[in-house]
Amino acid sequence: MDIPPQAASAPDSSPLGQDGVPQHVAPLLDDGVFSPERVKAEREQAYFNELYLLAPVAYFVLGLDGVILQVNLMAAELFGLPRERNGHVLFRSFIHEAFRHDYAQFVQRVLNSSEPERIQLQVQLGSRPGAPEAGLPVSLLGSADPNGQALRLVLEQAEGKLAALERSEERFRRIVHSAEEGIWEIDAQALTSFVNPKMAQMLGCQIEDMLGQPLAAFMDDEGRAILERNIARRQDGITERHEFKFLRCDGNTLWATLATNPIFDSGGTYLGALALVSDITAQRTASERIWRQANFDQLTGLPNRHMFLDRLQHETHHAKREGACLALLFIYLDHFKQVNDRLGHEKGDMLLRQAATRISERVRATDTVARLGGDEFTVILAGVGQLGGIERVLQELTAALALPFMLDGDTVQVSASVGVALYPADAEAPDTLLRHADQAMYAAKSAGRNGYSYFTPALQQAAELRRNTVREMRLALAQDQFEVHYQPIIRLCDGSIERAEALLRWRHPLRGLLLPADFIAFAEANGLIIDIGEWVFRQVVRQARQWQDEHGAAFQISINKSAVEFRCDAALYQDWGGHLARQGLAPGAIVIETTEAVLLDEARQVVERLRQLRAMGLALALDDFGRGQVSLACLKKSDIDFLKIDRSLVGELGRDDAGQGLCVALIGLAQRLGLKVVAEGVETASQRDLLRAAGCDYAQGYFFSRALPAGQMDRLLAAQPAA
């Protein structure tokens, strides 16, 4: 057998590096430009590397001192040599003693000849486990590289049974090498013992890089577990075929089918498995593309009608099984057709994509948003527990879709009419539920658009009440229908009034004077509480300035703030500090009252808002203390100035010792923390006396006074003795 010219070249251009790893040819052009000649040369070199590695004959590269430098797979297997490093193993140590003199002369002829030389001799394989001790007849073909730095040897077995076996194995290797499927062999420990070039190409790896690697290095955990089960079932005679996801060396995914067969020795011991691997990545990608086209809207990427109906069926079944509820929203974009007609379909498509994004951003990841076609969208809100959650989503959706859309230089505005149907209250069958949501959407359009409507009449009436109340509150804010009343806060040690709590009232033109319980919840749900809170703040600051001028600079007024206000944009409060300074109010003149729920809220904006209010010179009071679960550590961390004991605890005073003991304990703990204590809801002289005896600082309640309009409060302050 002739030695390929590449194998006879100098060591630095050999197909295998010093560690036995194939090396590709160097780049043909230094400027990084690829040419057809370069690509062809690299392919030929890669092909030769594979031939060299998998050749059915033993290749050796020796140094001039006879030390083995490189071997291919056949040589390593035949002589039991490691392929990584061979240390200082001499090739002549494998030559039978009777032929060592002939071998030495053969080496000299090779080094002194420009043509390959051949010799017949015997080698000993006794150092390899299981090999015969007797000599094995072989033929050595040797040549020296052009610069005389190394000796190349090709070892061929002599004619006979071994030679026939070699020819058979050579044919098998040719078949394996040219196979269009990947061939992968693993041992009993799931380590790679053999791969053909096609398998290495499919994974984008070098053969050398794969040998000895665990199967886990090329598959995810799920795929490996399925493959191991598949091999185990094949051992039981059960034939299966699965699709597996492999991880290519470049990080991409390879989808393949495997036909696996376990390998046993003559004693029935499991030795490993052999797999025939077919690349189905293209087919899988095409199937996924077809499936996506059938189930998803091409314009927005949302589920289409087909996928939506499937999800709705699934969610209603799940809700029925769990005894839960869900809400189906049917969304219609008002005036979209005019935008499409005026600006064209391209701009219309841009608007639909932006609308899909706005809708998706205002629901949970577990909810389903779909586009049924045209300007119609649907949302499945699964697992809704109360109407409040649905209301918030509806308000955010309609508000978001009413904002201007920027369409590549054009600004347009549309709105949304939304219909709501509830499962199982309005319907249990998915198609009926969808029809009812559609009917509710048309009711929203008929009511003037840019709003929502429930299918159930009772719920619709409640929604109408909420919308009407909010509409009236906006009008009340514009027409000064709101009033601030003040409840005196009494200093218990001497009965003087030096503080007051501001309480909002609404003088409705038809319903009369309304308390906060009649309208604050609507204001919070619709965000109007922010505007109302700003109005109250400025009214209270003006009143505090007046009363400090008339009744002393120590006078304070408290303002209640809800949790919704603490979560709003900080920019809404940025002028509060400046307004206080312009009015000349001393720090602490205005006290912000909040509830335990706010202190327990770990949201970053809530904590930041408390810090900002303190920095503006506002004092902080914790309202309704004793009803929730706030800890004393939380009180200290939040930098509270006043603690207001809840009226439910004050009401227990005088009834039993336990209630009184609890109040006394709370007052003592708060004062040890440096807090002033205010008792709310004092209605009797006995309660006042017990609180005074316990050391409580302040009290308020009907025993002293109800909340009064500013004029009456002014007269009350004027009537008390001067300090």
# chains A, B, ... in the order shown; residues from 1 in each chain; ligands from 1
call {"tool": "residues_around", "arguments": {"residues": "Leu649 (chain A)", "least_positions_apart": "4", "cutoff": "8 Å", "atoms": "only C-alpha atoms", "output": "VMD selection string"}}
result
chain A and resid 626 645 653 659 663
call {"tool": "write_last_selection", "arguments": {"atoms": "all heavy atoms", "output": "mmCIF file, in the first residue's frame"}}
result
data_model
loop_
_atom_site.group_PDB
_atom_site.id
_atom_site.type_symbol
_atom_site.label_atom_id
_atom_site.label_comp_id
_atom_site.auth_asym_id
_atom_site.auth_seq_id
_atom_site.Cartn_x
_atom_site.Cartn_y
_atom_site.Cartn_z
ATOM 1 N N GLY A 626 -52.792 48.191 65.670
ATOM 2 C CA GLY A 626 -53.393 47.177 66.526
ATOM 3 C C GLY A 626 -54.381 46.304 65.799
ATOM 4 O O GLY A 626 -54.819 45.283 66.314
ATOM 5 N N ILE A 645 -53.730 54.474 67.856
ATOM 6 C CA ILE A 645 -54.324 53.215 68.302
ATOM 7 C C ILE A 645 -55.723 53.080 67.710
ATOM 8 O O ILE A 645 -56.539 54.001 67.786
ATOM 9 C CB ILE A 645 -54.379 53.143 69.839
ATOM 10 C CG1 ILE A 645 -52.964 53.232 70.410
ATOM 11 C CG2 ILE A 645 -55.064 51.868 70.298
ATOM 12 C CD1 ILE A 645 -52.938 53.235 71.926
ATOM 13 N N LEU A 653 -61.732 49.515 76.293
ATOM 14 C CA LEU A 653 -61.341 50.093 77.578
ATOM 15 C C LEU A 653 -62.537 50.138 78.532
ATOM 16 O O LEU A 653 -63.637 50.567 78.159
ATOM 17 C CB LEU A 653 -60.795 51.505 77.378
ATOM 18 C CG LEU A 653 -59.426 51.617 76.696
ATOM 19 C CD1 LEU A 653 -59.081 53.075 76.451
ATOM 20 C CD2 LEU A 653 -58.352 50.961 77.537
ATOM 21 N N GLY A 659 -58.328 44.145 77.725
ATOM 22 C CA GLY A 659 -58.321 45.237 76.763
ATOM 23 C C GLY A 659 -57.540 46.425 77.258
ATOM 24 O O GLY A 659 -56.770 47.050 76.516
ATOM 25 N N CYS A 663 -53.911 48.080 75.726
ATOM 26 C CA CYS A 663 -53.720 49.501 75.401
ATOM 27 C C CYS A 663 -52.534 50.086 76.163
ATOM 28 O O CYS A 663 -51.706 50.818 75.604
ATOM 29 C CB CYS A 663 -54.989 50.288 75.732
ATOM 30 S SG CYS A 663 -56.181 50.319 74.381
#
call {"tool": "select_by_dssp", "arguments": {"residues": "region 484-618 of chain A", "states": "alpha helix (DSSP H)", "output": "PyMOL selection string"}}
result
chain A and resi 520-526+529-551+563-566+576-583+596-600+604-615
call {"tool": "residues_around", "arguments": {"residues": "Asp623 (chain A)", "least_positions_apart": "4", "cutoff": "12 Å", "atoms": "only C-alpha atoms", "output": "number ranges by chain"}}
result
A: 501, 558-562, 591-599, 627-628, 630, 635, 640-647, 677-681
call {"tool": "closest_residue", "arguments": {"among": "A:Ala670, A:Leu352, A:Ala319, A:Ile95", "to": "Gln124 (chain A)", "atoms": "only C-alpha atoms"}}
result
A:Ile95
call {"tool": "residues_around", "arguments": {"residues": "Gln201 (chain A)", "least_positions_apart": "6", "cutoff": "12 Å", "atoms": "only C-alpha atoms", "output": "PyMOL selection string"}}
result
chain A and resi 46-47+50+177+179-183+195+207+209-210+248-250+254+277+279
call {"tool": "residues_around", "arguments": {"residues": "Phe482 (chain A)", "least_positions_apart": "5", "cutoff": "10 Å", "atoms": "only C-alpha atoms", "output": "list in words"}}
result
Met473, Ala476, Leu477, Leu504, Arg505, Trp506, Arg507, His508, Leu513, Leu514, Ile532, Trp535 and Val536 of chain A
call {"tool": "residues_around", "arguments": {"residues": "Ala365 (chain A)", "least_positions_apart": "4", "cutoff": "12 Å", "atoms": "only C-alpha atoms", "output": "VMD selection string"}}
result
chain A and resid 359 to 361 369 379 to 382
call {"tool": "write_last_selection", "arguments": {"atoms": "all heavy atoms", "output": "mmCIF file, in the first residue's frame"}}
result
data_model
loop_
_atom_site.group_PDB
_atom_site.id
_atom_site.type_symbol
_atom_site.label_atom_id
_atom_site.label_comp_id
_atom_site.auth_asym_id
_atom_site.auth_seq_id
_atom_site.Cartn_x
_atom_site.Cartn_y
_atom_site.Cartn_z
ATOM 1 N N ILE A 359 -51.925 45.281 24.943
ATOM 2 C CA ILE A 359 -52.837 44.348 25.618
ATOM 3 C C ILE A 359 -52.047 43.300 26.386
ATOM 4 O O ILE A 359 -52.341 43.017 27.556
ATOM 5 C CB ILE A 359 -53.776 43.681 24.593
ATOM 6 C CG1 ILE A 359 -54.683 44.727 23.939
ATOM 7 C CG2 ILE A 359 -54.624 42.605 25.266
ATOM 8 C CD1 ILE A 359 -55.491 44.193 22.771
ATOM 9 N N SER A 360 -51.036 42.732 25.750
ATOM 10 C CA SER A 360 -50.247 41.666 26.387
ATOM 11 C C SER A 360 -49.524 42.169 27.627
ATOM 12 O O SER A 360 -49.344 41.417 28.590
ATOM 13 C CB SER A 360 -49.240 41.091 25.388
ATOM 14 O OG SER A 360 -49.894 40.551 24.261
ATOM 15 N N GLU A 361 -49.084 43.418 27.622
ATOM 16 C CA GLU A 361 -48.335 43.963 28.753
ATOM 17 C C GLU A 361 -49.215 44.221 29.977
ATOM 18 O O GLU A 361 -48.693 44.442 31.069
ATOM 19 C CB GLU A 361 -47.642 45.266 28.339
ATOM 20 C CG GLU A 361 -46.465 45.062 27.398
ATOM 21 C CD GLU A 361 -45.876 46.378 26.928
ATOM 22 O OE1 GLU A 361 -46.553 47.427 27.092
ATOM 23 O OE2 GLU A 361 -44.750 46.367 26.383
ATOM 24 N N VAL A 369 -53.849 35.957 25.340
ATOM 25 C CA VAL A 369 -54.246 37.063 24.468
ATOM 26 C C VAL A 369 -54.249 36.535 23.044
ATOM 27 O O VAL A 369 -53.277 35.911 22.608
ATOM 28 C CB VAL A 369 -53.286 38.259 24.591
ATOM 29 C CG1 VAL A 369 -53.721 39.392 23.664
ATOM 30 C CG2 VAL A 369 -53.211 38.743 26.029
ATOM 31 N N VAL A 379 -59.116 38.143 25.360
ATOM 32 C CA VAL A 379 -58.239 37.841 26.494
ATOM 33 C C VAL A 379 -58.971 36.863 27.403
ATOM 34 O O VAL A 379 -60.140 37.082 27.747
ATOM 35 C CB VAL A 379 -57.870 39.106 27.297
ATOM 36 C CG1 VAL A 379 -56.974 38.738 28.480
ATOM 37 C CG2 VAL A 379 -57.182 40.131 26.410
ATOM 38 N N ILE A 380 -58.287 35.784 27.779
ATOM 39 C CA ILE A 380 -58.826 34.841 28.759
ATOM 40 C C ILE A 380 -58.113 35.104 30.080
ATOM 41 O O ILE A 380 -56.903 34.874 30.196
ATOM 42 C CB ILE A 380 -58.607 33.381 28.329
ATOM 43 C CG1 ILE A 380 -59.213 33.115 26.952
ATOM 44 C CG2 ILE A 380 -59.211 32.420 29.361
ATOM 45 C CD1 ILE A 380 -58.892 31.732 26.397
ATOM 46 N N LEU A 381 -58.850 35.609 31.064
ATOM 47 C CA LEU A 381 -58.306 35.838 32.401
ATOM 48 C C LEU A 381 -58.665 34.627 33.252
ATOM 49 O O LEU A 381 -59.814 34.482 33.687
ATOM 50 C CB LEU A 381 -58.881 37.113 33.018
ATOM 51 C CG LEU A 381 -58.636 38.423 32.264
ATOM 52 C CD1 LEU A 381 -59.326 39.573 32.982
ATOM 53 C CD2 LEU A 381 -57.145 38.702 32.139
ATOM 54 N N ALA A 382 -57.710 33.746 33.469
ATOM 55 C CA ALA A 382 -57.979 32.503 34.192
ATOM 56 C C ALA A 382 -57.809 32.703 35.692
ATOM 57 O O ALA A 382 -56.987 33.504 36.146
ATOM 58 C CB ALA A 382 -57.051 31.403 33.702
#
call {"tool": "closest_residue", "arguments": {"among": "A:Leu708, A:Val418, A:Met307, A:Leu53", "to": "Tyr332 (chain A)", "atoms": "only C-alpha atoms"}}
result
A:Val418
call {"tool": "closest_residue", "arguments": {"among": "A:Leu62, A:Val71, A:Leu78, A:Ala232", "to": "Leu111 (chain A)", "atoms": "only C-alpha atoms"}}
result
A:Leu62
